[in-house]
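Raw work_29.txt, compact mmCIF, C-alpha atoms (C1' of nucleotides):
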```txt
# COMPACT_ATOMS: atom_id res chain seq x y z
CA MET A 1 60.43 108.33 130.89
CA ALA A 2 62.81 105.49 131.66
CA ARG A 3 61.32 103.22 129.06
CA GLN A 4 62.57 99.74 129.73
CA GLY A 5 64.15 97.45 127.23
CA LEU A 6 66.94 99.59 125.88
CA THR A 7 70.13 97.82 126.85
CA ARG A 8 73.80 98.55 126.45
CA ALA A 9 73.91 95.81 123.82
CA ASP A 10 71.16 97.60 121.89
CA VAL A 11 73.21 100.78 121.84
CA ILE A 12 76.33 98.98 120.64
CA GLY A 13 74.30 97.07 118.07
CA ALA A 14 72.72 100.22 116.70
CA ALA A 15 76.13 101.88 116.56
CA ILE A 16 77.53 98.98 114.54
CA GLU A 17 74.55 99.17 112.21
CA MET A 18 74.95 102.91 111.78
CA ILE A 19 78.68 102.65 111.08
CA GLU A 20 78.06 99.99 108.45
CA SER A 21 75.31 101.92 106.70
CA GLU A 22 76.46 105.53 107.07
CA GLY A 23 80.23 105.07 107.18
CA LEU A 24 82.58 105.47 110.11
CA HIS A 25 83.28 109.14 109.49
CA ASN A 26 79.56 109.95 109.35
CA PHE A 27 78.92 108.36 112.69
CA SER A 28 77.67 110.64 115.46
CA LEU A 29 76.20 110.12 118.90
CA ARG A 30 73.33 112.46 118.16
CA GLU A 31 72.14 110.49 115.15
CA LEU A 32 72.74 107.24 117.00
CA ALA A 33 70.50 108.55 119.77
CA GLY A 34 67.91 109.51 117.18
CA ARG A 35 67.87 105.97 115.81
CA LEU A 36 67.14 104.74 119.33
CA HIS A 37 64.48 107.44 119.84
CA ILE A 38 66.31 109.04 122.73
CA LYS A 39 68.38 112.20 123.17
CA ALA A 40 72.16 112.17 122.86
CA ALA A 41 72.71 112.83 126.55
CA SER A 42 70.72 109.74 127.45
CA LEU A 43 73.28 107.54 125.74
CA TYR A 44 75.59 108.22 128.65
CA ASN A 45 73.41 106.05 130.85
CA HIS A 46 74.61 103.10 128.78
CA ILE A 47 78.13 104.03 127.75
CA ARG A 48 80.88 106.03 129.44
CA ASN A 49 81.87 107.94 126.30
CA MET A 50 82.60 107.59 122.60
CA ASP A 51 86.01 105.98 123.10
CA GLU A 52 84.48 103.24 125.19
CA LEU A 53 81.83 102.69 122.54
CA TYR A 54 84.51 102.36 119.86
CA THR A 55 86.38 99.92 122.06
CA GLU A 56 83.27 97.83 122.46
CA ILE A 57 82.67 97.84 118.73
CA GLY A 58 86.29 96.87 118.26
CA TYR A 59 85.72 93.78 120.38
CA TYR A 60 82.83 92.86 118.15
CA VAL A 61 84.77 93.33 114.93
CA ILE A 62 87.71 91.31 116.19
CA SER A 63 85.50 88.48 117.35
CA GLU A 64 83.65 88.43 114.03
CA LEU A 65 86.93 88.42 112.13
CA LYS A 66 88.28 85.62 114.27
CA LYS A 67 85.11 83.64 113.68
CA VAL A 68 85.28 83.75 109.89
CA GLN A 69 88.99 83.03 109.96
CA LEU A 70 88.77 79.98 112.20
CA ASP A 71 85.86 78.78 110.15
CA ALA A 72 87.91 79.13 106.99
CA ILE A 73 90.93 77.14 108.09
CA THR A 74 89.32 74.21 109.86
CA GLY A 75 90.35 70.97 108.22
CA LYS A 76 92.95 72.62 106.00
CA GLN A 77 96.73 72.44 106.05
CA ARG A 78 99.69 74.53 104.98
CA ALA A 79 99.22 76.54 101.76
CA GLU A 80 95.56 75.62 101.53
CA ALA A 81 94.96 76.83 105.09
CA VAL A 82 96.89 80.07 104.53
CA LYS A 83 95.00 80.79 101.31
CA ALA A 84 91.67 80.17 102.99
CA LEU A 85 92.68 82.39 105.89
CA ALA A 86 93.70 85.21 103.58
CA ASP A 87 90.52 84.88 101.55
CA ALA A 88 88.38 85.08 104.68
CA TYR A 89 90.28 88.14 105.87
CA TYR A 90 90.02 89.78 102.45
CA ARG A 91 86.33 89.05 102.09
CA PHE A 92 85.64 90.47 105.54
CA GLY A 93 87.48 93.67 104.67
CA LYS A 94 85.62 94.08 101.40
CA GLU A 95 82.19 93.23 102.68
CA ARG A 96 82.34 95.30 105.85
CA PRO A 97 84.84 98.06 105.05
CA GLU A 98 83.55 100.62 107.52
CA LEU A 99 83.53 98.19 110.38
CA TYR A 100 86.98 96.99 109.39
CA LYS A 101 88.31 100.52 109.79
CA VAL A 102 87.43 100.47 113.47
CA ILE A 103 90.15 97.93 114.16
CA LEU A 104 92.98 100.29 113.28
CA SER A 105 91.68 103.08 115.45
CA LEU A 106 91.60 100.74 118.41
CA PRO A 107 95.02 100.17 119.94
CA MET A 108 95.41 103.90 120.48
CA VAL A 109 93.06 103.45 123.39
CA LYS A 110 95.24 102.46 126.29
CA ASN A 111 92.83 99.74 127.27
CA ASP A 112 94.79 96.65 128.20
CA ALA A 113 91.85 94.44 127.43
CA ILE A 114 92.03 95.50 123.82
CA HIS A 115 95.62 94.35 123.87
CA ARG A 116 94.49 90.92 124.88
CA ALA A 117 91.91 91.03 122.11
CA GLY A 118 94.81 91.48 119.76
CA PHE A 119 95.70 87.88 120.42
CA ASP A 120 92.34 86.91 118.95
CA ILE A 121 93.53 88.33 115.67
CA VAL A 122 96.85 86.52 115.86
CA GLU A 123 95.60 83.10 116.89
CA PRO A 124 93.99 82.01 113.60
CA ILE A 125 97.12 83.09 111.74
CA MET A 126 99.33 81.01 113.97
CA SER A 127 97.01 78.04 113.52
CA ALA A 128 97.08 78.35 109.75
CA MET A 129 100.89 78.33 109.79
CA ALA A 130 101.08 75.41 112.19
CA GLY A 131 101.54 72.92 109.35
CA TYR A 132 104.83 74.53 108.37
CA HIS A 133 107.93 73.58 110.26
CA LEU A 134 108.82 76.94 111.71
CA THR A 135 110.34 78.17 114.93
CA ARG A 136 108.13 80.09 117.30
CA GLU A 137 110.15 83.21 116.61
CA GLN A 138 109.71 82.85 112.86
CA MET A 139 105.99 82.55 113.33
CA MET A 140 105.86 85.74 115.37
CA HIS A 141 107.55 87.63 112.57
CA LEU A 142 105.57 85.96 109.80
CA GLN A 143 102.31 86.74 111.54
CA ARG A 144 103.21 90.41 111.33
CA VAL A 145 104.12 90.10 107.67
CA PHE A 146 100.81 88.42 106.93
CA ARG A 147 98.84 91.14 108.67
CA SER A 148 100.85 93.81 106.88
CA ILE A 149 100.09 92.37 103.47
CA MET A 150 96.42 91.87 104.20
CA HIS A 151 95.77 95.15 105.92
CA GLY A 152 97.83 97.12 103.44
CA PHE A 153 96.03 95.61 100.51
CA ILE A 154 92.53 95.99 101.93
CA SER A 155 92.93 99.54 103.14
CA GLN A 156 94.59 100.80 99.98
CA GLU A 157 92.07 99.15 97.70
CA GLU A 158 89.26 100.57 99.81
CA ALA A 159 90.82 104.04 99.72
CA GLY A 160 91.00 103.87 95.95
CA CYS A 161 94.79 103.73 95.72
CA PHE A 162 94.73 100.83 93.25
CA ARG A 163 92.89 102.54 90.40
CA GLN A 164 95.98 103.72 88.57
CA PHE A 165 96.33 100.71 86.31
CA PRO A 166 93.80 98.75 84.34
CA VAL A 167 94.97 95.36 85.64
CA ASP A 168 92.60 93.33 87.77
CA VAL A 169 92.86 93.97 91.50
CA GLY A 170 91.89 90.39 92.24
CA ASP A 171 94.94 89.19 90.34
CA SER A 172 97.12 91.53 92.37
CA TYR A 173 95.65 90.05 95.51
CA GLN A 174 96.43 86.52 94.36
CA MET A 175 100.00 87.54 93.75
CA ALA A 176 100.28 89.05 97.22
CA VAL A 177 99.11 85.83 98.84
CA ARG A 178 101.46 83.81 96.66
CA GLY A 179 104.29 86.03 97.87
CA PHE A 180 103.50 85.22 101.47
CA ILE A 181 103.38 81.51 100.82
CA LEU A 182 106.75 81.72 99.07
CA LEU A 183 108.10 83.39 102.18
CA LEU A 184 106.64 80.64 104.34
CA GLU A 185 108.29 77.93 102.27
CA ASN A 186 111.56 79.80 102.23
CA SER A 187 111.49 80.30 106.00
CA GLU A 188 110.77 76.61 106.43
CA LYS A 189 113.90 75.70 104.49
CA GLU A 190 115.92 78.03 106.67
CA ALA A 191 114.53 76.50 109.83
CA ARG A 192 115.29 72.95 108.66
CA GLY A 193 118.73 73.59 107.17
CA MET B 1 94.48 144.94 108.48
CA ALA B 2 95.43 143.15 105.26
CA ARG B 3 99.01 142.71 106.37
CA GLN B 4 101.05 141.68 103.40
CA GLY B 5 103.35 138.72 103.24
CA LEU B 6 101.06 135.89 104.32
CA THR B 7 100.80 133.64 101.29
CA ARG B 8 98.92 130.47 100.50
CA ALA B 9 102.23 128.64 100.75
CA ASP B 10 102.70 129.98 104.28
CA VAL B 11 99.31 128.61 105.29
CA ILE B 12 100.05 125.19 103.84
CA GLY B 13 103.51 125.20 105.40
CA ALA B 14 102.17 126.07 108.83
CA ALA B 15 99.51 123.37 108.47
CA ILE B 16 102.18 120.79 107.68
CA GLU B 17 104.20 121.93 110.66
CA MET B 18 101.18 121.75 112.93
CA ILE B 19 100.20 118.28 111.76
CA GLU B 20 103.72 117.02 112.36
CA SER B 21 103.97 118.50 115.84
CA GLU B 22 100.43 118.13 117.15
CA GLY B 23 99.25 115.07 115.25
CA LEU B 24 96.76 114.81 112.42
CA HIS B 25 93.75 114.28 114.67
CA ASN B 26 94.63 117.34 116.78
CA PHE B 27 94.75 119.60 113.76
CA SER B 28 92.22 122.42 113.66
CA LEU B 29 91.79 125.50 111.52
CA ARG B 30 91.37 127.72 114.57
CA GLU B 31 94.72 126.77 116.05
CA LEU B 32 96.33 126.96 112.62
CA ALA B 33 94.97 130.49 112.34
CA GLY B 34 96.34 131.29 115.79
CA ARG B 35 99.80 130.16 114.74
CA LEU B 36 99.59 132.59 111.83
CA HIS B 37 98.24 135.35 114.11
CA ILE B 38 94.98 135.65 112.23
CA LYS B 39 91.40 134.54 112.90
CA ALA B 40 90.06 131.26 111.56
CA ALA B 41 87.72 132.95 109.10
CA SER B 42 90.65 134.77 107.50
CA LEU B 43 92.13 131.45 106.39
CA TYR B 44 89.42 131.30 103.76
CA ASN B 45 91.12 134.10 101.87
CA HIS B 46 93.90 131.62 101.14
CA ILE B 47 92.19 128.23 100.95
CA ARG B 48 88.77 127.13 99.77
CA ASN B 49 88.14 124.77 102.68
CA MET B 50 89.73 122.05 104.79
CA ASP B 51 89.48 119.38 102.10
CA GLU B 52 91.43 121.52 99.69
CA LEU B 53 94.05 122.14 102.36
CA TYR B 54 94.41 118.40 102.94
CA THR B 55 94.74 117.85 99.22
CA GLU B 56 97.49 120.42 99.03
CA ILE B 57 99.31 118.80 101.94
CA GLY B 58 98.87 115.47 100.20
CA TYR B 59 100.73 116.81 97.19
CA TYR B 60 103.55 117.85 99.44
CA VAL B 61 103.77 114.49 101.20
CA ILE B 62 103.74 112.56 97.94
CA SER B 63 106.43 114.75 96.41
CA GLU B 64 108.60 114.38 99.51
CA LEU B 65 108.12 110.64 99.49
CA LYS B 66 108.99 110.44 95.83
CA LYS B 67 112.10 112.51 96.46
CA VAL B 68 113.55 110.25 99.14
CA GLN B 69 112.64 107.17 97.15
CA LEU B 70 114.29 108.30 93.93
CA ASP B 71 117.28 109.43 95.93
CA ALA B 72 117.52 106.00 97.53
CA ILE B 73 117.51 103.92 94.35
CA THR B 74 119.81 105.95 92.11
CA GLY B 75 122.76 103.84 91.04
CA LYS B 76 121.30 100.63 92.47
CA GLN B 77 119.95 97.53 90.73
CA ARG B 78 117.54 94.70 91.47
CA ALA B 79 117.43 93.51 95.10
CA GLU B 80 119.70 96.29 96.26
CA ALA B 81 117.45 98.89 94.66
CA VAL B 82 114.28 97.33 96.08
CA LYS B 83 115.77 97.14 99.57
CA ALA B 84 116.88 100.75 99.40
CA LEU B 85 113.44 101.79 98.16
CA ALA B 86 111.71 99.95 100.97
CA ASP B 87 114.08 101.38 103.56
CA ALA B 88 113.43 104.91 102.32
CA TYR B 89 109.68 104.34 102.42
CA TYR B 90 109.89 102.79 105.88
CA ARG B 91 112.07 105.56 107.26
CA PHE B 92 109.73 108.19 105.89
CA GLY B 93 106.75 106.54 107.55
CA LYS B 94 108.51 106.24 110.87
CA GLU B 95 110.02 109.69 110.92
CA ARG B 96 106.94 111.57 109.77
CA PRO B 97 104.04 109.35 110.86
CA GLU B 98 101.41 112.06 111.11
CA LEU B 99 102.22 113.44 107.70
CA TYR B 100 102.24 109.94 106.28
CA LYS B 101 98.67 109.43 107.44
CA VAL B 102 97.51 112.23 105.17
CA ILE B 103 98.24 110.11 102.09
CA LEU B 104 95.56 107.55 102.87
CA SER B 105 92.86 110.14 103.45
CA LEU B 106 93.57 111.61 100.04
CA PRO B 107 92.06 109.63 97.19
CA MET B 108 88.63 109.99 98.73
CA VAL B 109 88.70 113.51 97.40
CA LYS B 110 87.40 113.26 93.87
CA ASN B 111 90.17 115.50 92.64
CA ASP B 112 91.56 114.11 89.41
CA ALA B 113 94.87 115.84 89.95
CA ILE B 114 95.43 113.77 93.03
CA HIS B 115 94.95 110.73 90.86
CA ARG B 116 97.78 111.88 88.67
CA ALA B 117 99.86 112.45 91.78
CA GLY B 118 99.36 108.78 92.52
CA PHE B 119 101.68 108.03 89.64
CA ASP B 120 104.40 109.87 91.53
CA ILE B 121 104.17 107.20 94.18
CA VAL B 122 104.27 104.39 91.64
CA GLU B 123 107.12 105.64 89.50
CA PRO B 124 110.02 105.00 91.89
CA ILE B 125 108.71 101.49 92.54
CA MET B 126 108.61 100.74 88.83
CA SER B 127 112.15 102.08 88.47
CA ALA B 128 113.45 99.93 91.28
CA MET B 129 111.95 96.82 89.67
CA ALA B 130 113.28 97.72 86.23
CA GLY B 131 116.33 95.49 86.66
CA TYR B 132 114.13 92.41 86.88
CA HIS B 133 112.91 90.81 83.69
CA LEU B 134 109.20 91.26 84.20
CA THR B 135 106.25 91.93 81.95
CA ARG B 136 104.55 95.28 82.26
CA GLU B 137 101.50 93.56 83.67
CA GLN B 138 103.52 91.78 86.32
CA MET B 139 105.03 95.07 87.38
CA MET B 140 101.61 96.65 87.77
CA HIS B 141 100.57 93.88 90.12
CA LEU B 142 103.87 93.77 91.99
CA GLN B 143 103.77 97.50 92.55
CA ARG B 144 100.50 97.02 94.39
CA VAL B 145 101.94 94.19 96.45
CA PHE B 146 104.92 96.31 97.41
CA ARG B 147 102.73 99.19 98.53
CA SER B 148 100.49 96.83 100.48
CA ILE B 149 103.40 95.38 102.41
CA MET B 150 104.95 98.75 103.14
CA HIS B 151 101.78 100.58 104.03
CA GLY B 152 100.41 97.70 106.05
CA PHE B 153 103.57 97.38 108.04
CA ILE B 154 104.03 101.08 108.71
CA SER B 155 100.45 101.80 109.67
CA GLN B 156 100.10 98.80 111.94
CA GLU B 157 103.39 99.40 113.69
CA GLU B 158 102.42 103.04 114.16
CA ALA B 159 99.01 102.07 115.53
CA GLY B 160 100.66 99.77 118.05
CA CYS B 161 99.40 96.52 116.55
CA PHE B 162 102.83 94.88 116.69
CA ARG B 163 103.34 94.98 120.43
CA GLN B 164 101.93 91.54 121.11
CA PHE B 165 105.20 89.66 120.91
CA PRO B 166 108.63 90.47 122.25
CA VAL B 167 110.39 89.85 118.93
CA ASP B 168 112.09 92.79 117.27
CA VAL B 169 109.92 94.73 114.85
CA GLY B 170 112.91 95.60 112.70
CA ASP B 171 113.50 91.89 112.13
CA SER B 172 109.89 91.48 111.08
CA TYR B 173 110.36 94.30 108.61
CA GLN B 174 113.45 92.66 107.14
CA MET B 175 111.45 89.49 106.65
CA ALA B 176 108.66 91.37 104.91
CA VAL B 177 111.08 92.90 102.44
CA ARG B 178 112.74 89.55 101.88
CA GLY B 179 109.31 88.14 101.08
CA PHE B 180 108.76 90.72 98.40
CA ILE B 181 112.15 90.06 96.82
CA LEU B 182 111.39 86.35 96.77
CA LEU B 183 108.19 87.15 94.93
CA LEU B 184 110.11 89.29 92.46
CA GLU B 185 112.56 86.48 91.71
CA ASN B 186 109.76 83.97 91.41
CA SER B 187 107.81 86.21 89.05
CA GLU B 188 110.91 86.66 86.96
CA LYS B 189 111.27 82.90 86.53
CA GLU B 190 107.64 82.70 85.44
CA ALA B 191 108.12 85.46 82.90
CA ARG B 192 111.20 83.83 81.42
CA GLY B 193 109.98 80.22 81.42
C1' DC C 1 99.44 163.09 95.11
C1' DT C 2 95.09 161.59 95.27
C1' DT C 3 91.67 158.26 94.47
C1' DG C 4 89.72 153.91 93.34
C1' DA C 5 90.04 149.01 93.46
C1' DC C 6 91.46 144.88 95.39
C1' DA C 7 93.24 141.80 98.75
C1' DA C 8 93.19 140.44 103.26
C1' DA C 9 92.00 141.03 107.60
C1' DC C 10 88.02 141.56 110.96
C1' DT C 11 83.42 140.46 113.82
C1' DA C 12 79.34 137.89 114.37
C1' DA C 13 76.86 134.13 113.70
C1' DC C 14 75.19 129.22 112.47
C1' DA C 15 74.82 124.38 112.79
C1' DG C 16 77.03 120.59 114.20
C1' DC C 17 79.88 117.86 117.52
C1' DG C 18 80.95 115.28 122.37
C1' DT C 19 80.05 115.92 126.97
C1' DT C 20 78.34 117.37 131.79
C1' DA C 21 75.06 118.92 135.42
C1' DG C 22 70.90 118.94 137.25
C1' DT C 23 66.07 117.33 137.11
C1' DA C 24 61.94 114.53 136.39
C1' DT C 25 59.77 110.07 136.03
C1' DA C 26 58.80 105.28 135.34
C1' DT C 27 59.87 100.78 136.90
C1' DT C 28 61.59 97.54 140.40
C1' DG C 29 62.48 95.50 144.99
C1' DT C 30 61.24 95.66 149.95
C1' DA D 1 52.59 101.37 149.46
C1' DC D 2 57.06 103.40 149.47
C1' DA D 3 61.77 104.02 148.76
C1' DA D 4 65.42 103.31 145.63
C1' DT D 5 67.28 102.88 141.23
C1' DA D 6 67.59 103.28 136.44
C1' DT D 7 66.63 105.88 132.65
C1' DA D 8 64.98 109.48 130.38
C1' DC D 9 64.87 114.67 129.93
C1' DT D 10 66.42 119.88 129.27
C1' DA D 11 69.93 123.25 129.19
C1' DA D 12 74.29 124.45 128.66
C1' DC D 13 79.56 124.57 127.62
C1' DG D 14 83.35 124.67 124.57
C1' DC D 15 84.89 122.93 120.60
C1' DT D 16 84.60 122.31 115.35
C1' DG D 17 84.23 124.04 110.12
C1' DT D 18 82.09 127.51 107.55
C1' DT D 19 79.52 131.79 105.70
C1' DA D 20 78.08 136.70 105.41
C1' DG D 21 78.99 141.20 105.81
C1' DT D 22 82.26 144.82 107.06
C1' DT D 23 86.54 147.35 107.72
C1' DT D 24 91.12 148.43 106.47
C1' DG D 25 95.65 148.41 104.60
C1' DT D 26 98.26 148.46 100.14
C1' DC D 27 99.13 149.09 95.42
C1' DA D 28 98.19 151.09 90.78
C1' DA D 29 96.16 154.43 87.63
C1' DG D 30 94.73 159.13 86.65
```

Step by step, read the file and then write its structure as structure tokens.
Amino acid sequence: MARQGLTRADVIGAAIEMIESEGLHNFSLRELAGRLHIKAASLYNHIRNMDELYTEIGYYVISELKKVQLDAITGKQRAEAVKALADAYYRFGKERPELYKVILSLPMVKNDAIHRAGFDIVEPIMSAMAGYHLTREQMMHLQRVFRSIMHGFISQEEAGCFRQFPVDVGDSYQMAVRGFILLLENSEKEARG
Amino acid sequence: MARQGLTRADVIGAAIEMIESEGLHNFSLRELAGRLHIKAASLYNHIRNMDELYTEIGYYVISELKKVQLDAITGKQRAEAVKALADAYYRFGKERPELYKVILSLPMVKNDAIHRAGFDIVEPIMSAMAGYHLTREQMMHLQRVFRSIMHGFISQEEAGCFRQFPVDVGDSYQMAVRGFILLLENSEKEARG
DNA sequence: CTTGACAAACTAACAGCGTTAGTATATTGT
DNA sequence: ACAATATACTAACGCTGTTAGTTTGTCAAG
């Protein structure tokens, strides 16, 4: 048949669409092929295997996340920048939960390129903290703390782990961000003193 | 055949063992059956299906986690108690990473009992914070923040997301815990004032 | 002590999965 | 126009969880 027009980008795009609509754990190559009106085996003309496809999707997710984060912090400083960064991260996780899950399953792949992509995730965080007077080492640690808070919150809320109490989850989120900003200010004092 | 002696508890125990040694994503009912010297279909005399087995394992993990946490905080107050709690949580996640992963895949099951088990996770955290003068509502929020930090840190470190910089991960962890204690102290001031 | 009932094992099969090998065909470049 | 390439196909393999139907060992009641 060899119908022209079906590109590697089409396959990846359809996979992203399917993951978002059907959920990551309902994703399958056979249904993906069906959506593209080809057989599952034909997918292998465009991708090496499922791992590679996930990796490719991971690139997309990371680049999208970086985009919204950089967009959020431009023109902002210190606490305002950090809050905007966190909000963008949080919104992304809530609006595209299935796609967000792909990120965590990524680094297991021994692809070095994906390692480099990791820096894309870190960069906006470092930029947002730039207004604070911190050592480079402090920033490396704080970047990890920020990601821990954000990822932990998003994934647990998504998994339904926050339904035990009747208090508003949004308020809990605000408190989490406030905690990080307190840590930033405290670290700044330590760096100065 | 009907050889006596193989109980439901044996099946769950062997499953836990297999998950810890082979990894959660390498777990399969057929190999589990092999370890018990029976065929895969025979497992269904002891468990309803895989979901139920996961749920059962989830109970075990949560009870183990609660155990080490309560053990860690007994006789301690305030920051010392919180640090000990976090350390116990962290150690559990690092020492039994595959088992730890089961927790997150749990609440998706609509089992109400698992919801109740969620309180087992919360209880030690509430106890550790008891020394602080906080409102009940503050504690409900702070409990979520604590779990976010801990889970986020553990799962990202485990996934290899913290390899980007050469700074010590243990130091990052210490900073994360310090951040939470700062938030506790700050919340306390707000509650008093 | 035998017999009936129950629990726990078995075999065989199904539908789904990712993946590979080998084959046909439509488009593209010479 | 023809050869080469890219893209599709079919068929199959081994894996997965799961179900149906059957055999068999054990334990309790008559």

Residue among C:DA15, C:DA8, C:DC1, C:DA24 lying closest to D:DT24, counting all atoms listed in the file: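 Ranked by minimum distance to D:DT24, first place goes to C:DA8.
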
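For the pair atom C1' of D:DA4 and atom CA of A:Leu36, the interatomic distance is 26.4 Å.
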
Please report the interatomic distance between atom C1' of D:DA29 and atom C1' of C:DG4 in Å with one decimal.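 Those two atoms sit 8.6 Å apart.
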
As a list in words, please: the residues near A:Ser42 (cut-off 8 Å, all atoms listed in the file, same-chain neighbours under 5 positions excluded).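 The residues satisfying every condition are Ala33 of chain A; DT7 and DA8 of chain D.
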
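Counting all atoms listed in the file, every residue of chain A that comes within 12 Å of chain C is listed here: Met1, Ala2, Arg3, Gln4, Gly5, Asn26, Phe27, Ser28, Leu29, Arg30, Glu31, Ala40, Ala41, Ser42, Leu43, Tyr44, Arg48, Asn49, Met50 and Asp51 of chain A.
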
Calculate how many Å separate atom CA of A:Ile103 from atom CA of A:Ala14, rounding to one decimal.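 We find that atom CA of A:Ile103 and atom CA of A:Ala14 lie 17.8 Å from each other.
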
May I have the centre and edge lengths, in Å to one decimal, of an axis-aligned box around the listed atoms of stretch 11-25 of chain D with 4 Å added to every side, as AutoDock Vina command-line options?
```
--center_x 82.8 --center_y 135.4 --center_z 116.9 --size_x 33.7 --size_y 34.1 --size_z 32.6
```

So that each row is one residue of chain D with an atom at most 12 Å from chain A, can you give its shortest atom pair and the distance in Å to one decimal, using only C-alpha atoms (C1' of nucleotides), rows by chain and rising number, as a Markdown table?
```
| residue | atom | partner | partner_atom | distance |
| --- | --- | --- | --- | --- |
| D:DT5 | C1' | A:Ala2 | CA | 10.9 |
| D:DA6 | C1' | A:Ala2 | CA | 7.1 |
| D:DT7 | C1' | A:Ala2 | CA | 4.0 |
| D:DA8 | C1' | A:Ala2 | CA | 4.7 |
| D:DC9 | C1' | A:Met1 | CA | 7.8 |
| D:DT10 | C1' | A:Ala41 | CA | 9.8 |
| D:DA11 | C1' | A:Ala41 | CA | 11.1 |
| D:DA12 | C1' | A:Ala41 | CA | 11.9 |
```

Please identify all residues of chain B having at least one atom at most 9 Å from any atom of chain A, considering all atoms listed in the file, and return them as number ranges by chain. B: 104-108, 115-116, 118-119, 122, 137-138, 140-156, 159-169, 171-173, 175-176, 178-184, 186

Could stretch 178-189 of chain A be completed with N, CA and C atoms and returned as a PDB file, in the frame of the given file?
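Result file follows (rebuild25.pdb):
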```pdb
ATOM      1  N   ARG A 178     100.410  84.712  97.142  1.00  0.00           N
ATOM      2  CA  ARG A 178     101.460  83.810  96.660  1.00  0.00           C
ATOM      3  C   ARG A 178     102.816  84.219  97.234  1.00  0.00           C
ATOM      4  N   GLY A 179     103.045  85.528  97.296  1.00  0.00           N
ATOM      5  CA  GLY A 179     104.290  86.030  97.870  1.00  0.00           C
ATOM      6  C   GLY A 179     104.468  85.587  99.308  1.00  0.00           C
ATOM      7  N   PHE A 180     103.390  85.624 100.068  1.00  0.00           N
ATOM      8  CA  PHE A 180     103.500  85.220 101.470  1.00  0.00           C
ATOM      9  C   PHE A 180     103.787  83.733 101.603  1.00  0.00           C
ATOM     10  N   ILE A 181     103.161  82.957 100.751  1.00  0.00           N
ATOM     11  CA  ILE A 181     103.380  81.510 100.820  1.00  0.00           C
ATOM     12  C   ILE A 181     104.821  81.167 100.407  1.00  0.00           C
ATOM     13  N   LEU A 182     105.334  81.890  99.431  1.00  0.00           N
ATOM     14  CA  LEU A 182     106.750  81.720  99.070  1.00  0.00           C
ATOM     15  C   LEU A 182     107.643  81.989 100.273  1.00  0.00           C
ATOM     16  N   LEU A 183     107.303  83.033 101.002  1.00  0.00           N
ATOM     17  CA  LEU A 183     108.100  83.390 102.180  1.00  0.00           C
ATOM     18  C   LEU A 183     108.005  82.301 103.247  1.00  0.00           C
ATOM     19  N   LEU A 184     106.832  81.727 103.379  1.00  0.00           N
ATOM     20  CA  LEU A 184     106.640  80.640 104.340  1.00  0.00           C
ATOM     21  C   LEU A 184     107.537  79.457 103.987  1.00  0.00           C
ATOM     22  N   GLU A 185     107.492  79.076 102.710  1.00  0.00           N
ATOM     23  CA  GLU A 185     108.290  77.930 102.270  1.00  0.00           C
ATOM     24  C   GLU A 185     109.774  78.199 102.436  1.00  0.00           C
ATOM     25  N   ASN A 186     110.156  79.412 102.099  1.00  0.00           N
ATOM     26  CA  ASN A 186     111.560  79.800 102.230  1.00  0.00           C
ATOM     27  C   ASN A 186     112.008  79.790 103.688  1.00  0.00           C
ATOM     28  N   SER A 187     111.156  80.272 104.567  1.00  0.00           N
ATOM     29  CA  SER A 187     111.490  80.300 106.000  1.00  0.00           C
ATOM     30  C   SER A 187     111.600  78.877 106.544  1.00  0.00           C
ATOM     31  N   GLU A 188     110.747  78.012 106.008  1.00  0.00           N
ATOM     32  CA  GLU A 188     110.770  76.610 106.430  1.00  0.00           C
ATOM     33  C   GLU A 188     112.119  75.978 106.105  1.00  0.00           C
ATOM     34  N   LYS A 189     112.596  76.236 104.913  1.00  0.00           N
ATOM     35  CA  LYS A 189     113.900  75.700 104.490  1.00  0.00           C
ATOM     36  C   LYS A 189     115.003  76.189 105.420  1.00  0.00           C
TER      37      LYS A 189
END
```
